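Novice: Please see the structure below; I have some questions.
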Amino acid sequence: MKAAVITPYYKEDISVLRRCHLSVLDQEVSCRHFMVADGFHNETVSNWDCEHIILSKAHADNGNTPRTVGAISAINSGFDMILFLDVDNWFSPQHISEALLLKAQKPDIDIAILGRHIILPDGTVVEGDTEDSTRSHVDTSCYCFFESAFGLIPVWGMMQPFLGPIGDRIMFLAIKQRNYKLAWSNKKTCYFTSNYRCHYLLAGKRAPSITNDPVMAEIVSSFNQNRAHFQARTGLAFNINYQENGTAS
C-alpha cells in the first residue's frame, strides 16, 4: 500500500518542522510527506524531500483546511492510506508499519488507530491519560485512514472554523456515527506534544498561564447555534455534550 502523511503548518520554528519531517523520512516503510503551509510558508521546506503545498492565506481553523487539501491531493495522487501528523508531533520509525500490521490482521478495517506518548514541552512524559486508556478520544496524529474511509476525510474541511480546536473530537464522533470499523494498536508509536492543563496536572506540574485548552462552553454554544449549517455541510447530525471535567461527547 502507498502511504501518505499529511502535515499542516503555520508559523512554527524550522526546528519543529524538521523534527516532524525527519520522523516521516525515518519510517520503516516507504511513504510520502505532504507538508501544507497555511498561508505562511517556509522556503526551506521547498528543498526537502516532500510535497510542499502552499495555501495563499491562513484559514484560522487549527489546520483543518490545509489538512484536508493535503489529504485530497495525496488521494488523487494514488495513495491508498492517509495518515496525519501535526507539526509539533512526531512518529517513531514503526508508526506506519504498525498501521499496516493492524490492516493485515484485520483486513476489513477502515481506520487504524495508533497509540501515543504524551510529552510536555519540557520533555516530561505524561502517564495515565484517561481518554487514551478508555479509548474515548483519538488525537488527529493517531489516525490512519484506509481507502474505505476516505469519504470521511473532507469533514475536516467542512466543519466551521470555531470547531477547529476540537476537530479530532468531531471526527471521532463522525466515525462512530457512520459505524466505520476500527482497529486499535496497543503500541505507542506517536509522540504528542501537549500544552493542555490536564496533562500538566497528571505530571504533577503547575500548568502555565497560557495553554491550548479550548473554551468548550463557547464552542458548544456556537455549535448549538450553527448545528443546522454543520449538518448541511457534512451530512452528520449529532449534539456535543460538555462535562465540567473538560470532556466532550
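By convention here, the chains of the C-alpha cells are called A, B, ... in the order presented, each chain's residues are numbered starting at 1, and ligands are numbered starting at 1 in the order presented.
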Give me the residues within 10 Å of Pro214 in chain A as an MDAnalysis selection string, counting only C-alpha atoms and dropping any in the same chain fewer than 2 places off.

Specialist: chainID A and resid 163:166 196 211:212 216:219 246

Novice: Any idea what's packed within 7 Å of range 21-33 of chain A, counting only C-alpha atoms, ignoring anything in its chain fewer than 2 positions away? Could you give it as number ranges by chain?

Specialist: A: 2-6, 17-19, 35, 50-51, 90-94, 96-97

Novice: Considering only C-alpha atoms, can you say which of A:Pro208, A:Leu100, A:Ser136, A:Lys106 comes closest to Met1 in chain A?

Specialist: A:Leu100

Novice: Using only C-alpha atoms, which protein or nucleic acid residues come within 12 Å of Pro8 in chain A? Drop anything in the same chain fewer than 2 positions from it, and give the result as a PyMOL selection string.

Specialist: chain A and resi 5-6+10-12+17+20-21+33-41+51-55+58-71+84-89+140-141

Novice: Restrict the selected residues to C-alpha atoms and save them as a PDB file, in the first residue's frame.

Specialist:
ATOM      1  CA  VAL A   5       1.473  11.544   5.787  1.00  0.00           C
ATOM      2  CA  ILE A   6      -0.251  14.936   5.883  1.00  0.00           C
ATOM      3  CA  TYR A  10       1.718  27.756  10.026  1.00  0.00           C
ATOM      4  CA  LYS A  11       4.487  29.820  11.664  1.00  0.00           C
ATOM      5  CA  GLU A  12       6.315  27.109  13.600  1.00  0.00           C
ATOM      6  CA  LEU A  17       9.157  21.360  11.174  1.00  0.00           C
ATOM      7  CA  CYS A  20       8.347  16.293  12.294  1.00  0.00           C
ATOM      8  CA  HIS A  21       9.622  15.766   8.742  1.00  0.00           C
ATOM      9  CA  HIS A  33       5.207  13.506   3.332  1.00  0.00           C
ATOM     10  CA  PHE A  34       2.749  16.223   2.284  1.00  0.00           C
ATOM     11  CA  MET A  35       3.517  19.468   4.130  1.00  0.00           C
ATOM     12  CA  VAL A  36       0.853  22.128   3.673  1.00  0.00           C
ATOM     13  CA  ALA A  37       1.597  25.757   4.519  1.00  0.00           C
ATOM     14  CA  ASP A  38      -1.472  27.558   5.850  1.00  0.00           C
ATOM     15  CA  GLY A  39      -0.773  30.997   4.440  1.00  0.00           C
ATOM     16  CA  PHE A  40       2.803  31.340   5.800  1.00  0.00           C
ATOM     17  CA  HIS A  41       5.267  29.078   4.020  1.00  0.00           C
ATOM     18  CA  GLU A  51       5.312  17.543  -1.363  1.00  0.00           C
ATOM     19  CA  HIS A  52       5.125  21.199  -0.358  1.00  0.00           C
ATOM     20  CA  ILE A  53       1.685  22.705  -0.870  1.00  0.00           C
ATOM     21  CA  ILE A  54       1.306  26.425  -0.188  1.00  0.00           C
ATOM     22  CA  LEU A  55      -2.088  27.969   0.520  1.00  0.00           C
ATOM     23  CA  ALA A  58      -4.351  31.256   6.672  1.00  0.00           C
ATOM     24  CA  HIS A  59      -7.714  29.729   7.487  1.00  0.00           C
ATOM     25  CA  ALA A  60      -7.762  30.019  11.303  1.00  0.00           C
ATOM     26  CA  ASP A  61      -9.257  26.549  11.781  1.00  0.00           C
ATOM     27  CA  ASN A  62      -6.451  24.694  13.588  1.00  0.00           C
ATOM     28  CA  GLY A  63      -5.136  23.181  10.376  1.00  0.00           C
ATOM     29  CA  ASN A  64      -8.386  21.630   9.191  1.00  0.00           C
ATOM     30  CA  THR A  65      -8.348  23.253   5.739  1.00  0.00           C
ATOM     31  CA  PRO A  66      -4.675  22.521   4.907  1.00  0.00           C
ATOM     32  CA  ARG A  67      -5.095  19.035   6.386  1.00  0.00           C
ATOM     33  CA  THR A  68      -7.963  18.346   4.018  1.00  0.00           C
ATOM     34  CA  VAL A  69      -6.249  19.872   0.978  1.00  0.00           C
ATOM     35  CA  GLY A  70      -3.147  17.768   1.578  1.00  0.00           C
ATOM     36  CA  ALA A  71      -5.158  14.581   2.028  1.00  0.00           C
ATOM     37  CA  PHE A  84      -1.965  12.722   9.736  1.00  0.00           C
ATOM     38  CA  LEU A  85       0.858  14.249  11.738  1.00  0.00           C
ATOM     39  CA  ASP A  86       0.500  17.643  13.360  1.00  0.00           C
ATOM     40  CA  VAL A  87       3.673  19.651  13.030  1.00  0.00           C
ATOM     41  CA  ASP A  88       4.574  19.704  16.737  1.00  0.00           C
ATOM     42  CA  ASN A  89       4.333  15.911  16.954  1.00  0.00           C
ATOM     43  CA  THR A 140      -5.501  13.586  14.841  1.00  0.00           C
ATOM     44  CA  SER A 141      -1.900  12.330  14.683  1.00  0.00           C
TER      45      SER A 141
END

Novice: Which polymer residues have any atom within 12 Å of an atom of range 120-125 of chain A, counting only C-alpha atoms, with same-chain residues fewer than 3 positions away left out, as a PDB file with N, CA and C atoms, in the first residue's frame?

Specialist:
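Writing done, so here's around24.pdb:
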ATOM      1  N   VAL A  16      11.104  22.708  14.621  1.00  0.00           N
ATOM      2  CA  VAL A  16       9.892  21.915  14.857  1.00  0.00           C
ATOM      3  C   VAL A  16       9.471  21.216  13.568  1.00  0.00           C
ATOM      4  N   ASP A  88       3.833  19.753  15.475  1.00  0.00           N
ATOM      5  CA  ASP A  88       4.574  19.704  16.737  1.00  0.00           C
ATOM      6  C   ASP A  88       4.692  18.286  17.299  1.00  0.00           C
ATOM      7  N   ASN A  89       4.223  17.306  16.549  1.00  0.00           N
ATOM      8  CA  ASN A  89       4.333  15.911  16.954  1.00  0.00           C
ATOM      9  C   ASN A  89       5.308  15.177  16.052  1.00  0.00           C
ATOM     10  N   ARG A 116      -0.169   6.718  21.512  1.00  0.00           N
ATOM     11  CA  ARG A 116       0.686   7.898  21.602  1.00  0.00           C
ATOM     12  C   ARG A 116       1.361   8.004  22.965  1.00  0.00           C
ATOM     13  N   HIS A 117       2.555   8.568  22.954  1.00  0.00           N
ATOM     14  CA  HIS A 117       3.218   9.075  24.147  1.00  0.00           C
ATOM     15  C   HIS A 117       2.833  10.541  24.274  1.00  0.00           C
ATOM     16  N   GLY A 128      -0.924   7.898  32.248  1.00  0.00           N
ATOM     17  CA  GLY A 128      -2.223   7.792  32.890  1.00  0.00           C
ATOM     18  C   GLY A 128      -3.336   8.607  32.276  1.00  0.00           C
ATOM     19  N   ASP A 129      -3.237   8.963  30.991  1.00  0.00           N
ATOM     20  CA  ASP A 129      -4.304   9.722  30.371  1.00  0.00           C
ATOM     21  C   ASP A 129      -5.564   8.861  30.278  1.00  0.00           C
ATOM     22  N   TYR A 191       4.431  10.502  19.111  1.00  0.00           N
ATOM     23  CA  TYR A 191       4.842  11.377  20.210  1.00  0.00           C
ATOM     24  C   TYR A 191       4.053  12.682  20.087  1.00  0.00           C
ATOM     25  N   PHE A 192       3.200  12.903  21.073  1.00  0.00           N
ATOM     26  CA  PHE A 192       2.253  14.021  21.049  1.00  0.00           C
ATOM     27  C   PHE A 192       2.698  15.095  22.030  1.00  0.00           C
ATOM     28  N   THR A 193       3.000  16.269  21.514  1.00  0.00           N
ATOM     29  CA  THR A 193       3.388  17.386  22.365  1.00  0.00           C
ATOM     30  C   THR A 193       2.137  18.047  22.926  1.00  0.00           C
ATOM     31  N   SER A 194       2.001  18.038  24.237  1.00  0.00           N
ATOM     32  CA  SER A 194       0.800  18.577  24.872  1.00  0.00           C
ATOM     33  C   SER A 194       1.077  19.866  25.621  1.00  0.00           C
ATOM     34  N   ASN A 195       0.176  20.803  25.434  1.00  0.00           N
ATOM     35  CA  ASN A 195       0.164  22.002  26.269  1.00  0.00           C
ATOM     36  C   ASN A 195      -1.227  22.160  26.886  1.00  0.00           C
ATOM     37  N   TYR A 196      -1.796  21.010  27.288  1.00  0.00           N
ATOM     38  CA  TYR A 196      -3.115  21.004  27.908  1.00  0.00           C
ATOM     39  C   TYR A 196      -2.974  20.928  29.425  1.00  0.00           C
ATOM     40  N   ARG A 197      -3.844  21.651  30.093  1.00  0.00           N
ATOM     41  CA  ARG A 197      -3.783  21.740  31.548  1.00  0.00           C
ATOM     42  C   ARG A 197      -3.879  20.361  32.212  1.00  0.00           C
ATOM     43  N   CYS A 198      -4.756  19.509  31.717  1.00  0.00           N
ATOM     44  CA  CYS A 198      -4.950  18.201  32.352  1.00  0.00           C
ATOM     45  C   CYS A 198      -3.680  17.371  32.350  1.00  0.00           C
ATOM     46  N   HIS A 199      -2.862  17.522  31.312  1.00  0.00           N
ATOM     47  CA  HIS A 199      -1.636  16.735  31.238  1.00  0.00           C
ATOM     48  C   HIS A 199      -0.551  17.274  32.177  1.00  0.00           C
ATOM     49  N   TYR A 200      -0.518  18.591  32.375  1.00  0.00           N
ATOM     50  CA  TYR A 200       0.387  19.132  33.387  1.00  0.00           C
ATOM     51  C   TYR A 200       0.015  18.595  34.769  1.00  0.00           C
ATOM     52  N   LEU A 201      -1.286  18.567  35.045  1.00  0.00           N
ATOM     53  CA  LEU A 201      -1.731  18.082  36.345  1.00  0.00           C
ATOM     54  C   LEU A 201      -1.414  16.605  36.525  1.00  0.00           C
ATOM     55  N   LEU A 202      -1.582  15.814  35.472  1.00  0.00           N
ATOM     56  CA  LEU A 202      -1.240  14.391  35.552  1.00  0.00           C
ATOM     57  C   LEU A 202       0.237  14.195  35.859  1.00  0.00           C
ATOM     58  N   ALA A 203       1.060  15.097  35.346  1.00  0.00           N
ATOM     59  CA  ALA A 203       2.507  15.003  35.570  1.00  0.00           C
ATOM     60  C   ALA A 203       2.927  15.628  36.897  1.00  0.00           C
ATOM     61  N   GLY A 204       1.957  16.152  37.652  1.00  0.00           N
ATOM     62  CA  GLY A 204       2.280  16.772  38.936  1.00  0.00           C
ATOM     63  C   GLY A 204       2.930  18.128  38.796  1.00  0.00           C
ATOM     64  N   LYS A 205       2.648  18.822  37.695  1.00  0.00           N
ATOM     65  CA  LYS A 205       3.247  20.119  37.444  1.00  0.00           C
ATOM     66  C   LYS A 205       2.169  21.207  37.404  1.00  0.00           C
ATOM     67  N   ARG A 206       2.598  22.426  37.657  1.00  0.00           N
ATOM     68  CA  ARG A 206       1.686  23.563  37.544  1.00  0.00           C
ATOM     69  C   ARG A 206       1.572  23.935  36.067  1.00  0.00           C
ATOM     70  N   ALA A 207       0.345  24.094  35.611  1.00  0.00           N
ATOM     71  CA  ALA A 207       0.129  24.474  34.220  1.00  0.00           C
ATOM     72  C   ALA A 207       0.506  25.935  34.008  1.00  0.00           C
ATOM     73  N   PRO A 208       1.042  26.277  32.838  1.00  0.00           N
ATOM     74  CA  PRO A 208       1.355  27.688  32.563  1.00  0.00           C
ATOM     75  C   PRO A 208       0.075  28.496  32.431  1.00  0.00           C
ATOM     76  N   THR A 211      -2.446  27.959  27.927  1.00  0.00           N
ATOM     77  CA  THR A 211      -2.442  26.576  27.459  1.00  0.00           C
ATOM     78  C   THR A 211      -3.248  26.489  26.163  1.00  0.00           C
ATOM     79  N   ASN A 212      -3.319  25.286  25.612  1.00  0.00           N
ATOM     80  CA  ASN A 212      -4.087  25.079  24.384  1.00  0.00           C
ATOM     81  C   ASN A 212      -5.528  24.663  24.649  1.00  0.00           C
TER      82      ASN A 212
END

Novice: For CA of Leu83 in chain A and CA of Ile113 in chain A, determine how far apart the two atoms are, in Å to one decimal place.

Specialist: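 Rounded to one decimal, the two atoms are 9.9 Å apart.
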
Novice: Among range 90-224 of chain A, which ones does DSSP assign to alpha helix (DSSP H) (computed from the backbone)? Answer as a PyMOL selection string.

Specialist: chain A and resi 95-105+130-133+155-158+167-177+197-202+216-224

Novice: Grab the CA of Gln225 in chain A to CA of Phe172 in chain A distance for me, in Å with one decimal place.

Specialist: 21.2 Å

Novice: What residues in range 145-242 of chain A get the DSSP label strand (DSSP E or B)? Please answer as a count of residues only.

Specialist: 15

Novice: Taking 3 positions as the minimum chain separation for residues in the same chain, which residues sit within 10 Å of Val220 in chain A when counting only C-alpha atoms? Answer as a list in words.

Specialist: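 Once the adjacent positions are removed, what remains is Phe162, Leu163, Val215, Met216, Ala217, Phe223, Asn224, Gln225, Asn226, Arg227, Asn239, Ile240, Asn241, Tyr242 and Ala248 of chain A.
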